$ cat upload_25.cif   # mmCIF, C-alpha atoms and all ligand atoms
data_coords
#
loop_
_atom_site.label_atom_id
_atom_site.label_comp_id
_atom_site.auth_asym_id
_atom_site.auth_seq_id
_atom_site.Cartn_x
_atom_site.Cartn_y
_atom_site.Cartn_z
CA MET A 1 41.56 -1.88 -23.43
CA SER A 2 42.91 -5.47 -23.23
CA LYS A 3 40.60 -8.46 -23.61
CA TYR A 4 41.10 -9.30 -19.91
CA LYS A 5 40.11 -5.80 -18.79
CA ILE A 6 37.00 -5.83 -20.98
CA LEU A 7 35.97 -9.17 -19.47
CA THR A 8 36.53 -7.88 -15.95
CA PHE A 9 34.56 -4.75 -16.73
CA SER A 10 31.66 -6.76 -18.21
CA PHE A 11 31.57 -8.99 -15.16
CA ALA A 12 31.45 -5.96 -12.85
CA VAL A 13 28.56 -4.46 -14.86
CA MET A 14 26.75 -7.81 -14.68
CA CYS A 15 27.17 -7.96 -10.89
CA VAL A 16 25.79 -4.45 -10.48
CA ALA A 17 22.85 -5.29 -12.76
CA VAL A 18 22.00 -8.47 -10.80
CA PHE A 19 22.30 -6.69 -7.45
CA ALA A 20 20.19 -3.75 -8.64
CA HIS A 21 17.55 -6.17 -9.88
CA SER A 22 17.22 -8.06 -6.59
CA ALA A 23 17.18 -4.81 -4.58
CA SER A 24 14.46 -3.22 -6.69
CA ALA A 25 12.39 -6.43 -6.76
CA ALA A 26 11.75 -5.92 -3.05
CA THR A 27 10.00 -2.60 -3.56
CA VAL A 28 6.50 -2.54 -5.02
CA THR A 29 4.19 0.34 -5.80
CA LEU A 30 0.51 -0.46 -5.36
CA THR A 31 -1.98 1.62 -7.35
CA ASP A 32 -5.73 1.95 -6.91
CA LEU A 33 -7.39 0.45 -9.97
CA PHE A 34 -9.99 3.22 -10.38
CA TYR A 35 -8.15 6.19 -8.88
CA PRO A 36 -4.50 5.79 -9.93
CA SER A 37 -3.22 8.91 -8.14
CA ALA A 38 -3.63 6.90 -4.92
CA GLN A 39 -0.47 4.83 -4.53
CA ALA A 40 1.51 3.09 -1.80
CA THR A 41 5.22 2.24 -2.08
CA ILE A 42 6.35 -0.74 0.00
CA ASN A 43 9.87 -2.05 0.51
CA TYR A 44 8.55 -5.25 2.04
CA ASP A 45 11.93 -6.83 2.84
CA GLY A 46 13.90 -3.69 3.67
CA PRO A 47 14.03 -1.13 6.50
CA ALA A 48 12.12 1.55 4.59
CA GLY A 49 8.87 -0.44 4.88
CA VAL A 50 5.93 1.57 3.55
CA SER A 51 7.61 4.79 2.41
CA ALA A 52 4.86 6.51 0.43
CA LEU A 53 1.09 6.88 0.49
CA THR A 54 -0.08 9.43 -2.06
CA VAL A 55 -3.31 11.45 -1.90
CA ASP A 56 -4.20 13.06 -5.24
CA GLY A 57 -0.64 12.21 -6.31
CA GLN A 58 1.13 13.89 -3.34
CA ASP A 59 3.13 11.70 -0.93
CA GLN A 60 1.98 12.04 2.71
CA LEU A 61 3.99 9.31 4.42
CA GLU A 62 7.55 9.22 5.70
CA ARG A 63 7.51 5.68 7.07
CA HIS A 64 5.11 3.01 8.31
CA TRP A 65 6.47 -0.35 9.43
CA PHE A 66 6.30 -3.30 11.83
CA TRP A 67 8.43 -5.02 14.48
CA VAL A 68 7.70 -8.34 16.27
CA ARG A 69 8.65 -10.15 19.43
CA ALA A 70 7.82 -13.76 20.28
CA GLY A 71 8.04 -14.21 24.06
CA ALA A 72 7.42 -12.01 27.07
CA THR A 73 10.69 -10.05 27.16
CA GLY A 74 13.55 -8.82 25.01
CA PRO A 75 13.98 -6.44 22.10
CA ALA A 76 11.73 -6.36 19.05
CA THR A 77 12.87 -7.44 15.58
CA ARG A 78 12.02 -5.40 12.51
CA ILE A 79 10.05 -7.69 10.19
CA ASP A 80 12.39 -7.19 7.22
CA LEU A 81 15.17 -8.76 9.35
CA LEU A 82 13.25 -12.04 9.78
CA SER A 83 14.91 -14.95 7.98
CA ASP A 84 12.06 -16.13 5.77
CA ILE A 85 10.10 -13.57 3.72
CA ASN A 86 7.87 -14.63 0.84
CA VAL A 87 5.39 -12.90 -1.41
CA VAL A 88 2.24 -15.03 -1.33
CA ALA A 89 0.17 -13.00 -3.82
CA ILE A 90 0.48 -9.72 -5.68
CA ASP A 91 -1.64 -7.70 -8.09
CA GLY A 92 -1.95 -4.04 -9.06
CA ASP A 93 -3.49 -2.79 -5.82
CA PHE A 94 -2.43 -5.39 -3.24
CA ILE A 95 0.41 -7.59 -2.01
CA THR A 96 0.39 -10.41 0.55
CA VAL A 97 3.72 -11.10 2.27
CA ASP A 98 4.48 -13.94 4.70
CA TYR A 99 7.14 -13.36 7.40
CA ARG A 100 8.66 -16.15 9.52
CA ASP A 101 11.40 -16.07 12.11
CA ASP A 102 13.22 -19.20 10.98
CA LEU A 103 13.64 -20.94 7.63
CA GLN A 104 13.64 -24.53 8.96
CA THR A 105 11.57 -24.44 12.14
CA PRO A 106 9.68 -21.15 12.37
CA SER A 107 7.92 -20.40 15.65
CA PHE A 108 5.35 -18.05 14.08
CA SER A 109 4.12 -16.67 10.78
CA LEU A 110 2.97 -13.11 10.24
CA GLN A 111 1.01 -12.61 7.06
CA ILE A 112 0.18 -9.06 5.94
CA THR A 113 -1.95 -8.09 2.97
CA PHE A 114 -1.45 -4.45 1.99
CA THR A 115 -4.19 -2.94 -0.23
CA VAL A 116 -4.43 0.65 -1.46
CA HIS A 117 -7.77 2.39 -2.00
CA GLY A 118 -8.15 5.91 -3.35
CA ALA A 119 -10.76 8.61 -3.88
CA PRO A 120 -10.48 12.35 -4.55
CA GLY A 121 -8.81 13.85 -1.45
CA ARG A 122 -8.46 10.52 0.34
CA SER A 123 -6.28 7.41 0.27
CA ASP A 124 -6.41 4.30 2.47
CA LEU A 125 -3.75 1.69 3.05
CA LEU A 126 -5.58 -1.38 4.39
CA GLN A 127 -3.67 -4.12 6.17
CA ASP A 128 -5.16 -7.51 6.85
CA ILE A 129 -2.93 -9.24 9.37
CA VAL A 130 -2.88 -12.89 10.44
CA VAL A 131 -0.52 -14.03 13.19
CA THR A 132 -0.15 -17.80 13.62
CA ASN A 133 1.72 -19.71 16.30
CA LEU A 134 3.60 -22.46 14.42
CA SER A 135 5.30 -23.89 17.51
CA GLY A 136 4.06 -26.85 19.54
CA ALA A 137 3.47 -24.77 22.68
CA SER A 138 1.54 -21.69 23.68
CA GLN A 139 3.56 -18.46 23.26
CA GLU A 140 3.29 -14.72 23.76
CA PHE A 141 3.35 -12.63 20.62
CA HIS A 142 3.90 -8.86 20.36
CA LEU A 143 3.44 -6.80 17.21
CA PHE A 144 4.63 -3.19 17.03
CA GLN A 145 3.44 -0.71 14.41
CA PHE A 146 5.28 2.57 13.87
CA THR A 147 3.76 5.31 11.68
CA ASP A 148 5.34 8.63 10.68
CA TYR A 149 3.36 10.89 8.35
CA ASN A 150 4.70 14.16 6.96
CA LEU A 151 1.41 15.61 5.75
CA ARG A 152 1.08 18.13 2.93
CA GLY A 153 4.77 17.96 2.01
CA ASP A 154 6.24 19.30 5.29
CA ALA A 155 7.15 17.62 8.56
CA ASN A 156 7.31 20.04 11.48
CA ASP A 157 3.73 21.32 11.73
CA GLU A 158 1.79 18.33 13.00
CA LEU A 159 0.55 16.67 16.16
CA VAL A 160 -0.70 13.21 16.98
CA MET A 161 -3.28 11.95 19.47
CA ILE A 162 -4.49 8.43 20.18
CA THR A 163 -8.15 8.36 21.14
CA SER A 164 -10.92 6.16 22.50
CA ALA A 165 -10.79 4.07 25.64
CA GLU A 166 -9.44 1.11 23.69
CA LYS A 167 -6.77 3.29 21.99
CA GLN A 168 -7.62 1.96 18.54
CA TYR A 169 -7.74 5.37 16.80
CA ALA A 170 -4.55 7.31 16.09
CA THR A 171 -4.98 10.72 14.48
CA GLN A 172 -2.25 12.92 13.08
CA VAL A 173 -3.31 16.46 12.14
CA GLU A 174 -1.69 19.16 10.00
CA ALA A 175 -1.56 22.32 12.16
CA ASP A 176 -3.58 24.41 9.69
CA ASN A 177 -6.15 21.58 9.67
CA SER A 178 -5.81 21.14 5.89
CA ALA A 179 -5.22 17.40 6.20
CA TYR A 180 -5.30 14.60 8.71
CA ALA A 181 -4.36 10.95 8.95
CA GLU A 182 -6.53 8.55 10.89
CA THR A 183 -5.46 5.00 11.65
CA THR A 184 -8.02 2.52 12.90
CA VAL A 185 -7.77 -1.03 14.18
CA ALA A 186 -10.63 -3.41 13.45
CA ASN A 187 -11.64 -6.90 14.54
CA ALA A 188 -11.41 -6.33 18.27
CA LEU A 189 -7.67 -6.63 18.76
CA ALA A 190 -7.09 -3.27 20.39
CA PRO A 191 -3.48 -2.24 21.01
CA SER A 192 -2.35 -2.89 24.57
CA ARG A 193 0.22 -0.08 24.60
CA VAL A 194 0.59 3.18 22.67
CA GLN A 195 3.17 5.90 22.27
CA ALA A 196 2.57 9.27 20.64
CA GLY A 197 5.76 11.21 19.97
CA SER A 198 8.38 11.72 17.29
CA PRO A 199 10.24 9.59 14.71
CA SER A 200 12.80 8.64 17.39
CA ILE A 201 10.35 5.92 18.52
CA ALA A 202 11.55 3.83 15.53
CA THR A 203 15.17 4.26 16.62
CA GLY A 204 14.24 2.96 20.07
CA LEU A 205 12.55 -0.10 18.56
CA ASP A 206 15.57 -0.79 16.34
CA ASN A 207 18.27 -0.43 19.00
CA GLY A 208 16.36 -2.27 21.73
CA THR A 209 15.93 0.69 24.12
CA ILE A 210 12.15 0.33 23.65
CA THR A 211 11.12 -3.24 24.49
CA ASP A 212 7.55 -2.29 25.39
CA LEU A 213 5.79 0.95 24.54
CA ALA A 214 4.48 3.18 27.33
CA ALA A 215 1.32 1.74 28.91
CA VAL A 216 -0.48 4.96 29.86
CA GLY A 217 -0.09 8.73 29.61
CA SER A 218 1.61 8.75 26.24
CA ASP A 219 -1.38 9.15 23.97
CA GLY A 220 -0.93 12.86 23.12
CA PRO A 221 -1.82 15.32 21.84
CA THR A 222 1.89 15.86 21.23
CA PRO A 223 3.42 19.35 20.89
CA ILE A 224 3.41 20.58 17.28
CA GLY A 225 6.45 19.22 15.47
CA ASP A 226 7.53 16.18 13.47
CA ALA A 227 4.87 13.82 14.80
CA ALA A 228 4.93 10.02 14.75
CA TRP A 229 3.47 7.27 16.90
CA ALA A 230 3.48 3.55 17.62
CA TRP A 231 1.12 0.84 18.78
CA GLN A 232 1.84 -2.50 20.44
CA TRP A 233 -0.42 -5.51 20.38
CA SER A 234 0.19 -8.31 22.83
CA THR A 235 -1.52 -11.65 22.70
CA THR A 236 -0.96 -15.24 23.80
CA LEU A 237 -1.54 -17.85 21.12
CA GLY A 238 -2.04 -21.55 21.81
CA ALA A 239 -0.10 -24.14 19.76
CA GLY A 240 -1.19 -23.77 16.13
CA GLN A 241 -3.57 -20.93 16.96
CA GLY A 242 -3.94 -17.89 14.72
CA LYS A 243 -5.42 -14.44 15.16
CA ALA A 244 -6.62 -12.03 12.46
CA PHE A 245 -7.18 -8.28 12.59
CA GLY A 246 -7.16 -5.26 10.32
CA ILE A 247 -5.57 -1.82 10.25
CA ASP A 248 -6.76 1.07 8.06
CA ASN A 249 -4.30 3.92 7.51
CA ALA A 250 -6.39 6.71 5.96
CA VAL A 251 -5.10 10.14 4.90
CA VAL A 252 -7.72 12.79 4.16
CA PHE A 253 -7.36 16.29 2.71
CA GLY A 254 -9.66 18.69 4.56
CA PRO A 255 -10.43 19.61 8.17
CA ASN A 256 -10.48 16.95 10.86
CA PRO A 257 -14.00 16.61 12.30
CA ILE A 258 -12.61 16.29 15.85
CA ILE A 259 -11.29 19.89 15.70
CA PRO A 260 -14.25 22.28 15.43
CA GLU A 261 -12.29 25.26 14.06
CA PRO A 262 -12.36 26.67 10.51
CA ALA A 263 -9.63 25.74 8.03
CA SER A 264 -7.70 28.94 8.84
CA LEU A 265 -6.71 27.41 12.17
CA VAL A 266 -3.48 28.87 13.56
CA LEU A 267 -1.33 27.32 16.26
CA MET A 268 -3.14 29.22 19.05
CA GLY A 269 -6.48 27.99 17.78
CA LEU A 270 -5.24 24.43 17.58
CA GLY A 271 -4.12 24.70 21.19
CA SER A 272 -7.61 25.66 22.37
CA ALA A 273 -9.13 22.96 20.18
CA MET A 274 -6.90 20.48 21.94
CA MET A 275 -8.19 21.75 25.30
CA VAL A 276 -11.75 21.09 24.10
CA TRP A 277 -10.69 17.65 22.94
CA ARG A 278 -9.01 16.88 26.26
CA ARG A 279 -12.13 17.95 28.17
CA ARG A 280 -14.30 15.80 25.91
CA LYS A 281 -11.99 12.88 26.45
CA GLN A 282 -12.10 13.23 30.23
CA ALA A 283 -15.90 13.59 30.26
CA CA A 301 7.49 9.23 1.55
CA CA A 302 2.83 18.91 7.37
CA CA A 303 2.09 22.50 6.27
CA CA A 304 6.27 13.03 10.86
#

$ encode --input "upload_25.cif" --output "structure tokens"
Amino acid sequence: MSKYKILTFSFAVMCVAVFAHSASAATVTLTDLFYPSAQATINYDGPAGVSALTVDGQDQLERHWFWVRAGATGPATRIDLLSDINVVAIDGDFITVDYRDDLQTPSFSLQITFTVHGAPGRSDLLQDIVVTNLSGASQEFHLFQFTDYNLRGDANDELVMITSAEKQYATQVEADNSAYAETTVANALAPSRVQAGSPSIATGLDNGTITDLAAVGSDGPTPIGDAAWAWQWSTTLGAGQGKAFGIDNAVVFGPNPIIPEPASLVLMGLGSAMMVWRRRKQA
């Protein structure tokens, strides 16, 4: 090998090493300090978003991520595509990331603190969210959350339903009722729109065919399959005004208390349980 070729080769290796470093720096794995088999993997500046949430060491999550829109109309933007993304704080079990839409004159900031908490048979991914209007005028702000669990290592045996009058509980259930995921919104900022369905919801958010989620009648329970769902929060913030709220994504091994059948639940049984649930909901 000539000297020139060796130099070229070394430079190429260096480039790959630098690129690999910056790509991997954007993915963090959070670990519960006392129960280390509870972990969350977050690609905070890439499209994967939160790609893993482990319960007792087993991954339950396909994808969980956010999109934003400032203003009343138009498509949403996935937060990893915003121009200014900075890690504000990070430790073993949490990370705080600040997202802004413009490097020089941002019109808003979205700050999310992700924290993982674990226990035997249960893991929680907590998200403390602060949205602040950085512009000099009042503006509408929309935040979209998309969540796609594949519980217990398989995808096509689950359903999702979004409950309560305020729609702030989303529950995804494994068909044999051996596990469920429950997502809760706290601090009185209930989602204004919801959509229970399949992973294609994320495609619609990305390609602009979904600009607002469905307002009513799309809260499930969905047919059994590869379940996923989304929420949309809409709020108007005055100049300089901020709003804080929290989301808890919990995954629990064991039967869901909303379904009163034994753990040996088969698809037929789940169907009748859903009827009971529907009746309860209408009552
Ligand atoms: Ca995963
Ligand atoms: Ca499953
Ligand atoms: Ca299964
Ligand atoms: Ca799924």

$ closest_residue --input "upload_25.cif" --among "A:Ala70, A:Leu134, A:Leu103, A:Ala239" --to "Ile85 (chain A)" --atoms "all atoms listed in the file"
A:Leu103

$ closest_residue --input "upload_25.cif" --among "A:Arg152, A:His142, A:Arg78, A:Arg69" --to "ligand CA 301 (chain A)" --atoms "only C-alpha atoms and all ligand atoms"
A:Arg152

$ residues_near_ligand --input "upload_25.cif" --ligand "ligand CA 301 (chain A)" --cutoff "10 Å" --atoms "only C-alpha atoms and all ligand atoms" --output "PyMOL selection string"
chain A and resi 40-41+48+50-54+58-64+148-151+153

$ residues_near_ligand --input "upload_25.cif" --ligand "ligand CA 304 (chain A)" --cutoff "12 Å" --atoms "all atoms listed in the file" --output "VMD selection string"
chain A and resid 51 60 to 64 146 to 160 172 to 174 180 to 181 196 to 202 222 224 to 230

$ residues_around --input "upload_25.cif" --residues "region 192-195 of chain A" --least-positions-apart "4" --cutoff "6 Å" --atoms "all atoms listed in the file" --output "MDAnalysis selection string"
chainID A and resid 213:215 218:219 229:233

$ residues_around --input "upload_25.cif" --residues "Thr73 (chain A)" --least-positions-apart "6" --cutoff "10 Å" --atoms "all atoms listed in the file" --output "number ranges by chain"
A: 140, 142, 211-212

$ residues_around --input "upload_25.cif" --residues "region 203-209 of chain A" --least-positions-apart "6" --cutoff "9 Å" --atoms "all atoms listed in the file" --output "MDAnalysis selection string"
chainID A and resid 67 74:78 144

$ atom_distance --input "upload_25.cif" --atom1 "CA of Phe94 (chain A)" --atom2 "CA of Val116 (chain A)"
6.6 Å

$ atom_distance --input "upload_25.cif" --atom1 "CA of Asn256 (chain A)" --atom2 "CA of Pro36 (chain A)"
24.3 Å

$ closest_residue --input "upload_25.cif" --among "A:Ser178, A:Thr113, A:Thr183, A:Thr235" --to "ligand CA 303 (chain A)" --atoms "all atoms listed in the file"
A:Ser178

$ closest_residue --input "upload_25.cif" --among "A:Gln241, A:Gln111, A:Ser37, A:Gln168" --to "Val87 (chain A)" --atoms "all atoms listed in the file"
A:Gln111

$ atom_distance --input "upload_25.cif" --atom1 "CA of Ala186 (chain A)" --atom2 "CA of Ile258 (chain A)"
19.9 Å

$ residues_around --input "upload_25.cif" --residues "Gly242 (chain A)" --least-positions-apart "3" --cutoff "9 Å" --atoms "only C-alpha atoms" --output "ChimeraX atom specification"
/A:130-134,237-239

$ axis_aligned_box --input "upload_25.cif" --around "region 234-239 of chain A" --padding-each-side "8 Å" --output "AutoDock Vina command-line options"
--center_x -0.9 --center_y -16.2 --center_z 21.8 --size_x 18.2 --size_y 31.8 --size_z 20.0

$ closest_residue --input "upload_25.cif" --among "A:Ala175, A:Gly71, A:Ala244, A:Ala190" --to "ligand CA 303 (chain A)" --atoms "all atoms listed in the file"
A:Ala175

$ build_atoms --input "upload_25.cif" --residues "region 124-141 of chain A" --atoms "N, CA and C atoms" --output "CSV table (one decimal), keeping the file's coordinate frame"
chain,number,residue,atom,x,y,z
A,124,ASP,N,-6.5,5.3,1.4
A,124,ASP,CA,-6.4,4.3,2.5
A,124,ASP,C,-5.4,3.2,2.2
A,125,LEU,N,-4.6,2.9,3.1
A,125,LEU,CA,-3.8,1.7,3.0
A,125,LEU,C,-4.3,0.7,4.1
A,126,LEU,N,-5.0,-0.4,3.5
A,126,LEU,CA,-5.6,-1.4,4.4
A,126,LEU,C,-4.6,-2.5,4.6
A,127,GLN,N,-4.5,-3.0,5.9
A,127,GLN,CA,-3.7,-4.1,6.2
A,127,GLN,C,-4.4,-5.2,6.9
A,128,ASP,N,-4.5,-6.3,6.2
A,128,ASP,CA,-5.2,-7.5,6.8
A,128,ASP,C,-4.0,-8.4,7.4
A,129,ILE,N,-4.1,-8.6,8.7
A,129,ILE,CA,-2.9,-9.2,9.4
A,129,ILE,C,-3.4,-10.6,10.0
A,130,VAL,N,-2.6,-11.6,9.8
A,130,VAL,CA,-2.9,-12.9,10.4
A,130,VAL,C,-1.6,-13.3,11.1
A,131,VAL,N,-1.7,-13.5,12.4
A,131,VAL,CA,-0.5,-14.0,13.2
A,131,VAL,C,-0.8,-15.5,13.6
A,132,THR,N,0.1,-16.4,13.3
A,132,THR,CA,-0.2,-17.8,13.6
A,132,THR,C,1.0,-18.4,14.4
A,133,ASN,N,0.7,-19.0,15.5
A,133,ASN,CA,1.7,-19.7,16.3
A,133,ASN,C,2.0,-21.1,15.7
A,134,LEU,N,3.2,-21.2,15.1
A,134,LEU,CA,3.6,-22.5,14.4
A,134,LEU,C,4.3,-23.4,15.3
A,135,SER,N,4.6,-23.0,16.6
A,135,SER,CA,5.3,-23.9,17.5
A,135,SER,C,4.3,-24.9,18.2
A,136,GLY,N,4.9,-25.8,18.9
A,136,GLY,CA,4.1,-26.8,19.5
A,136,GLY,C,3.6,-26.4,20.9
A,137,ALA,N,3.9,-25.2,21.3
A,137,ALA,CA,3.5,-24.8,22.7
A,137,ALA,C,2.9,-23.4,22.6
A,138,SER,N,2.1,-23.0,23.6
A,138,SER,CA,1.5,-21.7,23.7
A,138,SER,C,2.7,-20.6,23.8
A,139,GLN,N,2.5,-19.5,23.1
A,139,GLN,CA,3.6,-18.5,23.3
A,139,GLN,C,3.0,-17.1,23.2
A,140,GLU,N,3.7,-16.1,23.8
A,140,GLU,CA,3.3,-14.7,23.8
A,140,GLU,C,3.8,-14.1,22.4
A,141,PHE,N,3.0,-13.3,21.9
A,141,PHE,CA,3.4,-12.6,20.6
A,141,PHE,C,3.1,-11.1,20.7
